[in-house]
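Accompanying notes for the structure given below.
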Amino acid sequence: MKEEQPTSKLPGLTFAPAASPLASTVLHTPDDAILAGETSIPTQGENMPAYHARPKNVEGSLPIVLVVQEIFGVHEHIRDICRRLALEGYLAIAPELYFRQGDPNDFADIPTLFSELVSKVPDAQVLADLDHVANWAARNGGDAHRLMMTGFCWGGRITWLYAAHNPQLKAAVAWYGKLVGEKSLNSPRHPVDIAINLNAPVLGLYGGQDTGISLESVETMRHALRAANANADIIVYPEAGHAFNADYRPSYHADSARDGWQRMLAWFERFAAKK
């Protein structure tokens with residue numbers, strides 16, 4: 001039996017899963033609802049490609065959401081996340097954070113992609129680039145006082161780190177980002193190490209069936225957050241695995257993804273979205 005393609009609950013927007021993690025998501029976004037496209041953001045002496053989306057016909061500055069990519073880079077699913085956020089009233093920007101080191105589309109499998117590209121991207125470089133993205137957004141219709149962030153997988157880990165890096169961040173939501181791990185020159189700290197330094201409230205969304213992020217590591221993070229008296233929460237979806245929000249992959253778990261999306265919007269609304 002052919003598997004039914006999941007359909008977005010957002011009005012006017014539909015999508016179908018692609019066959020490969022590196023393939024594109026097929027979707028149709030109403031042209032009269034948002035403005036979206038590619039841009040270039042000056043950062044550390046270079047120009048970083050980025051995708052952005054915002055609602056049309058909205059007066060005044062918009063709340064900002066930095067969207068941080070999965071391991072696969074800024075593909076159509078991540079662009080779609082920006083468009084969905086634009087439909088909710090946000091200026092959403094997804095920067096190509098690997099652009100100095102290479103193109104993730106050049107790699108045929110995940111282990112090679114990680115060893116040859118992702119592991120060579122320094123955390124310090126990423127955090128500095130994201131500062132420039134936030135500044136660009138504030139100069140291009142965004143409200144610097146309503147700065148938010150969300151990230152997925154690789155970007156989920158970065159989201160935790162950025163919440164400890166930028167004191168201007170107001171709220172963050174990390175989707176299935178690694179919490180503990182071996183340290184290296186490029187990744188000297190992990191989320192569990194910076195729990196005490198969080199500047200913004202962070203919501204973590206994790207899958208109970210995730211074979212790469214153990215429930216033990218989630219509990220370790222919860223303990224670190226409690227010890228730090230941090231304003232944070234972690235939700236675990238018992239039936240979901242890793243990448244449960246990735247609607248273009250077999251890992252997609254619709255109920256968990258929909259609930260996580262609503263929790264994310266509520267988190268933003270609670271801590272940052274209102275003026």
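Every chain in the structure tokens takes a letter, A first, then B, and so on in the order presented; its residues are numbered from 1, and the ligands are numbered from 1 following the presented order.
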Handout entry: For Ser40 in chain A: contacts at 10 Å, only C-alpha atoms, fewer than 5 positions along chain excluded, given as a count of residues only
Key = 10
Problem - Closest of A:Tyr237, A:Trp267, A:Tyr248, A:Trp261 to Leu203 in chain A - atom-to-atom distances counting only C-alpha atoms - result: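 With only C-alpha atoms as the atom set, the closest residue is A:Trp267.
When only C-alpha atoms are used to measure the gap to Glu38 in chain A, the shortest distance among A:Pro250, A:Ile93, A:Ser115, A:Val68 belongs to A:Ile93.
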Practice task
If you run DSSP over the backbone, which residues in range 25-254 of chain A end up alpha helix (DSSP H)? Put them as JSON, numbers by chain.
Solution key: {"A": [76, 77, 78, 79, 80, 81, 82, 83, 84, 85, 86, 87, 110, 111, 112, 113, 114, 115, 116, 123, 124, 125, 126, 127, 128, 129, 130, 131, 132, 133, 134, 135, 136, 137, 138, 139, 154, 155, 156, 157, 158, 159, 160, 161, 162, 163, 164, 165, 215, 216, 217, 218, 219, 220, 221, 222, 223, 224, 225, 226, 227, 254]}
Exercise for the section: Determine which residues of range 80-242 of chain A DSSP labels as strand (DSSP E) from the backbone of this structure, then write them out as a ChimeraX atom specification. Expected result: /A:91-95,142-152,171-175,202-207,232-237
Fill in the blank from the handout: Nearest to Leu147 in chain A, restricted to only C-alpha atoms and choosing among A:Arg249, A:His223, A:Lys170, A:Arg84, comes out as A:Lys170
Handout entry: Distance query Trp160 in chain A at most 8 Å, only C-alpha atoms, self and fewer than 5 positions along chain excluded, as a ChimeraX atom specification
Key = /A:172,174,191,198,202
Can you write out as a tab-separated table which residues of range 99-194 of chain A fall within 10 Å of range 52-56 of chain A, alongside each residue's closest atom pair and its distance in Å to one decimal, counting only C-alpha atoms and ordering rows by chain and ascending residue number?
residue	atom	partner	partner_atom	distance
A:Ala137	CA	A:His52	CA	9.3
A:Gly141	CA	A:Arg54	CA	9.1
A:Gly142	CA	A:Arg54	CA	9.5
Practice task
Tell me which protein, DNA and RNA residues are within 12 Å of range 59-61 of chain A, counting only C-alpha atoms, leaving out same-chain ones fewer than 6 positions away, and put them as a PyMOL selection string.
Solution key: chain A and resi 89-91+137-147+273-275
Next, write the just-selected residues to a file, as a compact mmCIF listing (two decimals), in the first residue's frame, keeping N, CA and C atoms as the atom set.
# COMPACT_ATOMS: atom_id res chain seq x y z
N GLY A 89 3.32 35.45 11.19
CA GLY A 89 3.59 36.84 11.49
C GLY A 89 5.02 37.19 11.82
N TYR A 90 5.95 36.26 11.58
CA TYR A 90 7.35 36.47 11.93
C TYR A 90 8.21 36.78 10.70
N LEU A 91 9.30 37.49 10.94
CA LEU A 91 10.39 37.57 9.98
C LEU A 91 11.33 36.41 10.32
N ALA A 137 18.62 41.25 10.40
CA ALA A 137 17.17 41.21 10.55
C ALA A 137 16.64 42.51 11.17
N ALA A 138 17.37 43.03 12.15
CA ALA A 138 16.94 44.27 12.81
C ALA A 138 17.00 45.46 11.86
N ARG A 139 17.87 45.38 10.85
CA ARG A 139 17.98 46.46 9.86
C ARG A 139 17.04 46.27 8.68
N ASN A 140 16.37 45.15 8.63
CA ASN A 140 15.53 44.83 7.48
C ASN A 140 14.11 44.44 7.88
N GLY A 141 13.55 45.24 8.75
CA GLY A 141 12.14 45.08 9.10
C GLY A 141 11.87 44.28 10.35
N GLY A 142 12.92 43.85 11.06
CA GLY A 142 12.73 43.07 12.27
C GLY A 142 12.88 43.91 13.53
N ASP A 143 12.29 43.44 14.60
CA ASP A 143 12.34 44.10 15.90
C ASP A 143 13.42 43.42 16.75
N ALA A 144 14.52 44.13 16.99
CA ALA A 144 15.64 43.55 17.74
C ALA A 144 15.26 43.19 19.16
N HIS A 145 14.19 43.78 19.66
CA HIS A 145 13.75 43.50 21.03
C HIS A 145 12.86 42.26 21.10
N ARG A 146 12.54 41.68 19.94
CA ARG A 146 11.74 40.46 19.90
C ARG A 146 12.48 39.42 19.05
N LEU A 147 13.67 39.07 19.51
CA LEU A 147 14.54 38.13 18.80
C LEU A 147 14.36 36.73 19.37
N ALA A 273 7.07 37.27 21.59
CA ALA A 273 6.42 37.74 20.37
C ALA A 273 5.66 39.05 20.54
N LYS A 274 5.13 39.28 21.73
CA LYS A 274 4.34 40.50 21.94
C LYS A 274 5.27 41.68 22.22
N LYS A 275 4.82 42.89 21.78
CA LYS A 275 5.57 44.09 22.07
C LYS A 275 5.41 44.50 23.53
Practice task
Quick one: pull the distance between CA of Leu66 in chain A and CA of Leu205 in chain A, Å, one decimal.
Solution key: 17.0 Å
